[in-house]
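S.K.: Quick one: the structure is below, and I'll ask about it shortly.
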Amino acid sequence: MNLQSSANEPAIELVGIDKKFGAVHANKNINLSVGKGSIHGIIGENGAGKSTLMSILYGFYHADEGEIRIQGRPVSIRDSQAAIAAGIGMVHQHFMLVENFTVLENVMLGAEGGQLLAKGVAGARKELKRLETDYGLEVDPDALIEELPVGRQQRVEILKALYRGADILILDEPTGVLTPAEADHLFRILQVLRDQGKTIILITHKLREIMAITDTVSVMRRGEMVATRKTAETTVAELAELMVGRRVLLRVEKQEAKPGPVLLSVKNLIVKDGRGVTMVDDVSFDVRAGEIVGIAGVAGNGQSELLEALAGIRKPVSGEIFIDGKPVEAADPALLRQLGLAHIPEDRHHMGLVLKFEEYENSILGYHHDPRYGRGAMLDLDAIRRQAEEQIAKYDIRPPNAQLKTANFSGGNQQKIVVAREIERDPKMLLIGQPTRGVDIGAIEFIHRRIIEMRDTGKAVLLVSVELDEIRSLSDRILVMFAGKIVGEKPSDADEQTLGLMMAGIAA
Amino acid sequence: MSTASVPLPAWINYGVIPLLNLVLAFFFSGLVVWAIGENPFDALNFLIQGALGRGDAIGFTLFYATSFIFTGLAVAVAFHAGLFNIGAEGQAYVGGLGAALVALSLDHYVPWYVTMPFAVIGAALFGAAWAFIPAWLQAKRGSHVVITTIMFNFIAATLMVYLLVNVFIVPGKMAPETRTFLAGGQLPKLDWLMALFGLKLGPAPFNVSFIIALVMCYLVWLLIWRTKLGYEMRTLGVSPTAAVYAGIPYVRTVIIAMLISGGLAGMMSLNAVMGASARLQVEFVAGAGFVGIAVSLMGRSHPVGIILAAILFGILYQGGADLSFEMPNITRDMIVVIQGLVIFFAGALEYMLRPAMVRLYQTATGK
Amino acid sequence: MEYFDTFVSILGSAIRLSIPLLFTALAGLFSERAGIFDIGLEGKMLASAFAAACAAYWTGNAWAGLGAGIMVAIIFSLLHGFASITNRGNQIVSGVALNFIAAGLTIVLGTAWFNQGGRTGQVPPEGRFSGIVLPGAEMMRDVPIIGPLYANVISGNNILTYIAFLMVPLSWWVLYRTRFGLRLRAVGENPGAVDTAGVSVVWLRYRALIVTGFLAGFAGTYLSIAQSAAFINNMSAGKGYIALAALIFAKWKPVPVMFACLLFGFLDAFANFMQGKSLPMIGEVPVQIFQALPYILTCILLAGFIGVARPPKAGGVAYTKER
């Protein structure tokens, strides 16, 4: 293994890549150089611009400006075909596999070697055999994809890239769907590939992975490439800081919490996602009246699924949820609302709001059966609009127009619509997911203050956020979630390093 | 940035674009007319004269429009809940059975205005019942409602033929149809309404079900935009994930939406069966269920738009008859072509003009 | 023996009735496996039947009729593609629209050109595909069982019938043994996989639709100049929808498609035979039951009561590159 010398020779260089989507500046003047035969990590929060950058590399988007050089030569990547020709292979976060095809068919798709399949099949089998022995990528070529476990499916994605002669392999959040054992196996494969001279770019937001496997690492934040380090010379703490940035901390003033009786109680909850992967693994905790419990964790460690299960959107596999000491009988959001549970969901575009509706219509979403909004079967639009306008005034939602389509509000104002709706109902408990994602500074402060107010009036608040700052400044107790489990509890004044290590699954 | 996400003002979205689509549809229809050697403008003139030139012509136009309002509303209600009900044809057909059963059992004993409410309920109930199985299959088993409603159109056709040939046929007669309803089972004509405008209805079967149709327009508007159920249907139709978040029950909402849709389709039979022919006949729906798709698309699933689009198609149906009389070279089926082109341009190609309109609008407003 | 003769004659008629279904269902197979729903099969069949009858009438050549039928069906297919692939319109709406256009246009043009209320002129014998007597059919006729079967069911059909049955293995071969077929099946399941493999989704889907038009052209031609001698108003009479049902019933696979079409054709033939007759023991069975059976069976299948009919995953949705 001769890392140093080969790492000096760049396999791929990005020079001044710039990309805008309308008003969103997704990539700002990105420069990057990745040495041949090395594993380079790109780390950053959701929306930092990692995926856009990789889509540009794979020909899905065209950079507005900038140049891509492969092995020193400038290349123009118009489409995926050009990317493949340039020796770039991509393993997508959502596998690009045909599920009712065999491994062999998937690998051959697009590189069949002639009009008739029969011609290419023998060659493809031989090549698969060779890849298996060279890189330890054993997969039964005649197995159907849908019958393979996720880790194997991913291996097929890697095989597809190698089969097409890729020298540069990009993996986008490859461990998101893998069990720890499968992830370890993947890392071993990547190391073998690197040692055989392949260049690997690993996109992730998991610090542990970066530290475990990469040679060099770049950090992206809000569309910019803010730093590049040799992995051996950096620490998890430094990377975490670079990812989040030293933003002006909006310390919200708050009194000591005066916790009351337990309002929300979770016992041995197990939740699986749509693919059947266990995302919440035997989780138990309580939330008391008058306290904010924050759940810290890197995205994808089960927080979303936990929140959805508590809100009645996702049916848990097993375990119990108690509200006010009484077990919740069914996963039914309407029932839970009646029990006094409000929910500010993580995804306001697809869940919290109907973007095509007018503002006032969204101000009753989920509460439309409330008699205040109309008796019997009817809706009382006057009452709804009046209330929507009151909320607009109280929450300073702009533009102050209840009859504007919700899609036409900015992110911060959209979030205020959701927050207003959920808080103004005077619930007993509040579930909050990523309350300030994509929200401007002014609105963040406003929303934070409202959350504290809720606590001070004796509500039980459960807060999920990937922003560690947010968790630390709002919570009275912090639970850290990693790989579906709650790995520890810390007080709100726990220091960032400790929490960061817990979030990375390293220390408890 | 792609043009799909650029907002356009409502007058362009709901006014200019549908109008341009309509113009395109008529332009291509004109080409067909021209291709068979007739003057498209003369044809248009005959068409409009034939549909609106005399009292009885207007009566026929409104008679057709009545049927199309019912089926248009049926398609629209399902559409608001995100369902594509292609089965209005079959639901209307079976609805006719409900109307006819009421008429046949009451017409001896009571006047029409007593029969009418029962007939409305009967027609709606039977139409809804025919929509129930596809609705249930969609909600519970995930079978695509488009396919199942198509299948149910054909099943309805065979079922009705069987019933008419074997059960309802008047002994000794050849025609597979029920006996003629007495006055107590007929919906009276609206000649007084026409007289208000100084028009004579003549033989046109324009009848009370037009008023029922308008009432239904109002009720559908109320349902969709003023009730909790309508709110739930629209949420489900626009954003299924938000509907889950809001705790809107999927199965119940899908089934209710389809039942209402089927009921409205069934009511179309009031017009044809009790208003016009006074008996239940084979294939009395005659494509009105499919016209409902065009009407709903043109009318953007809003009752006002549906009334306008239904009248437009009423004009086509009535004017088309006159046109084929004036220009023997052009048959009445020309309206089917126009109808197809309207669905094609206003429905399938609804996004075609959008990018161009966005660019025009942006240049015009200097953005 | 009398029963056997009846059976043979029903079988012969079942085959004749299943041919247009077979061509159309195979046509639908190609577009639906590529992820484009096609309820416009009915319209394609009708339009091509009309075109074939016109061309055969004017040229007196059956092959010219077939060519015209295929061409028109392909044009309809491309219009469907223009709306649903290029302009990302709703595939169902587009299909409905094209069905109407075909239904209206054939009658309007037919009346204008032939003045027979929508009928085209009578196509002369040389403009039609007529039955071919296979060698030995007369000789075999007297052989018990096999003889009548060979003479009346297998022999005596027109060339399009034989082509239809050849199309079944051919379709299978194209779908499962060629590069085009592999990509076509992939694009109907996961267009992203095709796109990331560097293959154009749009062009691939257009090519699938061209194949659909090609096969639907045979179906229409069969109706107007093989089974009959002229185009008659609305002569497809819902066969396009039955073919769609057969396609679903066969779970989108070519060989089962053939059996589904034969089954539905047999039901049709049996319904015709049963008209006004009564079965021993059961009495008179309404023919409508046999007519409705294909649709009822398809609904039961769709409901998941007989195995699972899993449609191509990406069907009905225009492809957008992921962000």
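Please note that chains go A, B, ... in the order of the structure tokens, that every chain numbers its residues from 1, and that ligands are numbered from 1 in the order shown.
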Should the cut-off be 10 Å, what would the residue list for chain C against chain A look like, counting only C-alpha atoms, as JSON, numbers by chain?
M.R.: {"C": [173, 174, 176, 177, 178, 179, 180, 181, 182, 183, 185, 186, 187, 188, 189, 190, 191, 192, 193, 194, 195, 196, 197, 198, 199, 200, 312, 313, 321, 322, 323]}
S.K.: Report as CSV: every residue of chain B with an atom at most 6 Å from chain C, its closest pair of atoms, and their distance in Å to one decimal, counting only C-alpha atoms, with rows sorted by chain and ascending residue number.
M.R.:
```
residue,atom,partner,partner_atom,distance
B:Arg141,CA,C:Ala303,CA,5.8
B:Ser143,CA,C:Leu302,CA,5.6
B:Met151,CA,C:Tyr295,CA,5.2
B:Ile155,CA,C:Ala292,CA,5.2
B:Thr158,CA,C:Gln288,CA,5.3
B:Asn329,CA,C:Ala112,CA,4.9
B:Thr331,CA,C:Val108,CA,5.6
B:Asp333,CA,C:Gly104,CA,5.0
B:Met334,CA,C:Gly104,CA,5.9
B:Val336,CA,C:Gly104,CA,4.8
B:Val337,CA,C:Ile101,CA,4.6
B:Gly340,CA,C:Ala97,CA,4.4
B:Ile343,CA,C:Ala97,CA,5.2
B:Phe344,CA,C:Ala97,CA,5.1
B:Ala348,CA,C:Gly89,CA,4.6
B:Leu349,CA,C:Ala83,CA,5.5
B:Met352,CA,C:Asn87,CA,5.7
```
S.K.: Could you name the residues that touch stretch 66-71 of chain B at 9 Å or less, counting only C-alpha atoms, but leaving out those on the same chain fewer than 2 positions away, as number ranges by chain?
M.R.: B: 61-64, 73-76, 88-89, 92, 206-207, 209-214, 216-217, 261-262, 264-272, 285, 288-293, 295-296, 303, 306-307, 309-311, 313-314
S.K.: DSSP on the backbone: what in stretch 349-436 of chain A comes out helix (DSSP H, G or I), as a PDB file with C-alpha atoms, in the first residue's frame?
M.R.:
```pdb
ATOM      1  CA  HIS A 349     -43.657  20.292   2.407  1.00  0.00           C
ATOM      2  CA  HIS A 350     -45.126  16.830   2.297  1.00  0.00           C
ATOM      3  CA  MET A 351     -46.673  16.443   5.704  1.00  0.00           C
ATOM      4  CA  GLY A 352     -47.154  19.614   7.644  1.00  0.00           C
ATOM      5  CA  GLU A 359     -52.840  29.604   3.921  1.00  0.00           C
ATOM      6  CA  TYR A 360     -56.059  29.543   5.921  1.00  0.00           C
ATOM      7  CA  GLU A 361     -56.837  26.023   4.684  1.00  0.00           C
ATOM      8  CA  ASN A 362     -53.546  24.829   6.095  1.00  0.00           C
ATOM      9  CA  PRO A 371     -66.373  22.423  16.175  1.00  0.00           C
ATOM     10  CA  ARG A 372     -64.727  25.841  16.261  1.00  0.00           C
ATOM     11  CA  TYR A 373     -64.198  25.541  12.511  1.00  0.00           C
ATOM     12  CA  LEU A 381     -64.757  29.670   6.468  1.00  0.00           C
ATOM     13  CA  ASP A 382     -65.245  33.014   8.172  1.00  0.00           C
ATOM     14  CA  ALA A 383     -64.213  31.588  11.502  1.00  0.00           C
ATOM     15  CA  ILE A 384     -61.261  29.791   9.918  1.00  0.00           C
ATOM     16  CA  ARG A 385     -60.050  32.873   8.085  1.00  0.00           C
ATOM     17  CA  ARG A 386     -60.505  35.048  11.131  1.00  0.00           C
ATOM     18  CA  GLN A 387     -58.441  32.657  13.185  1.00  0.00           C
ATOM     19  CA  ALA A 388     -55.841  32.335  10.428  1.00  0.00           C
ATOM     20  CA  GLU A 389     -55.527  36.101  10.291  1.00  0.00           C
ATOM     21  CA  GLU A 390     -55.115  36.283  14.048  1.00  0.00           C
ATOM     22  CA  GLN A 391     -52.307  33.762  13.829  1.00  0.00           C
ATOM     23  CA  ILE A 392     -50.743  35.633  10.952  1.00  0.00           C
ATOM     24  CA  ALA A 393     -50.676  38.756  13.067  1.00  0.00           C
ATOM     25  CA  LYS A 394     -49.486  37.010  16.197  1.00  0.00           C
ATOM     26  CA  THR A 406     -49.000  28.245   0.799  1.00  0.00           C
ATOM     27  CA  ALA A 407     -46.329  27.400  -1.766  1.00  0.00           C
ATOM     28  CA  ASN A 408     -45.764  31.119  -2.217  1.00  0.00           C
ATOM     29  CA  GLY A 411     -39.603  28.512   4.212  1.00  0.00           C
ATOM     30  CA  GLY A 412     -39.547  30.411   7.483  1.00  0.00           C
ATOM     31  CA  ASN A 413     -43.068  31.687   7.060  1.00  0.00           C
ATOM     32  CA  GLN A 414     -44.322  28.263   6.033  1.00  0.00           C
ATOM     33  CA  GLN A 415     -42.843  26.843   9.191  1.00  0.00           C
ATOM     34  CA  LYS A 416     -44.508  29.578  11.228  1.00  0.00           C
ATOM     35  CA  ILE A 417     -47.850  28.544   9.728  1.00  0.00           C
ATOM     36  CA  VAL A 418     -47.279  25.006  11.014  1.00  0.00           C
ATOM     37  CA  VAL A 419     -45.983  26.154  14.393  1.00  0.00           C
ATOM     38  CA  ALA A 420     -48.890  28.545  14.858  1.00  0.00           C
ATOM     39  CA  ARG A 421     -51.403  25.840  13.998  1.00  0.00           C
ATOM     40  CA  GLU A 422     -49.946  23.297  16.390  1.00  0.00           C
ATOM     41  CA  ILE A 423     -49.175  25.617  19.291  1.00  0.00           C
TER      42      ILE A 423
END
```
S.K.: Residues of chain B within 8 Å of chain A, counting only C-alpha atoms - could you list those as a list in words?
M.R.: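 Going by the stated atoms only, the list reads Met1, Arg226, Thr227, Lys228, Leu229, Thr235, Val238, Ser239, Thr241, Ala242, Ala243, Val244, Tyr245, Ala246, Gly247 and Ile248 of chain B.
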S.K.: For N, CA and C atoms, I'd like the residues from the last selection saved as a CSV table (one decimal), in the first residue's frame.
M.R.:
```
chain,number,residue,atom,x,y,z
B,1,MET,N,-33.8,27.2,-13.8
B,1,MET,CA,-34.9,26.7,-13.1
B,1,MET,C,-36.0,26.2,-14.0
B,226,ARG,N,-66.8,23.7,1.1
B,226,ARG,CA,-67.4,24.2,2.4
B,226,ARG,C,-67.6,23.1,3.4
B,227,THR,N,-67.3,21.8,3.1
B,227,THR,CA,-67.5,20.8,4.2
B,227,THR,C,-66.2,20.2,4.6
B,228,LYS,N,-66.3,19.6,5.7
B,228,LYS,CA,-65.1,18.9,6.3
B,228,LYS,C,-64.7,17.7,5.4
B,229,LEU,N,-65.7,17.0,4.9
B,229,LEU,CA,-65.5,15.9,4.0
B,229,LEU,C,-64.8,16.3,2.7
B,235,THR,N,-57.5,17.3,0.4
B,235,THR,CA,-56.2,17.0,1.0
B,235,THR,C,-55.7,15.7,0.5
B,238,VAL,N,-54.6,16.1,-3.2
B,238,VAL,CA,-53.4,16.9,-3.5
B,238,VAL,C,-52.2,16.3,-2.9
B,239,SER,N,-52.3,15.9,-1.7
B,239,SER,CA,-51.1,15.4,-0.9
B,239,SER,C,-51.5,14.2,0.0
B,241,THR,N,-49.6,12.3,1.5
B,241,THR,CA,-48.8,12.2,2.8
B,241,THR,C,-49.3,13.2,3.8
B,242,ALA,N,-49.7,14.4,3.4
B,242,ALA,CA,-50.3,15.3,4.3
B,242,ALA,C,-51.6,14.8,4.9
B,243,ALA,N,-52.4,14.0,4.1
B,243,ALA,CA,-53.6,13.4,4.5
B,243,ALA,C,-53.3,12.4,5.7
B,244,VAL,N,-52.2,11.7,5.5
B,244,VAL,CA,-51.8,10.7,6.6
B,244,VAL,C,-51.5,11.5,7.8
B,245,TYR,N,-50.7,12.5,7.7
B,245,TYR,CA,-50.3,13.4,8.8
B,245,TYR,C,-51.6,13.9,9.5
B,246,ALA,N,-52.6,14.4,8.7
B,246,ALA,CA,-53.7,15.0,9.3
B,246,ALA,C,-54.7,14.0,9.9
B,247,GLY,N,-54.4,12.7,9.7
B,247,GLY,CA,-55.3,11.7,10.3
B,247,GLY,C,-56.5,11.5,9.4
B,248,ILE,N,-56.5,11.7,8.2
B,248,ILE,CA,-57.6,11.6,7.3
B,248,ILE,C,-57.7,10.1,6.9
```
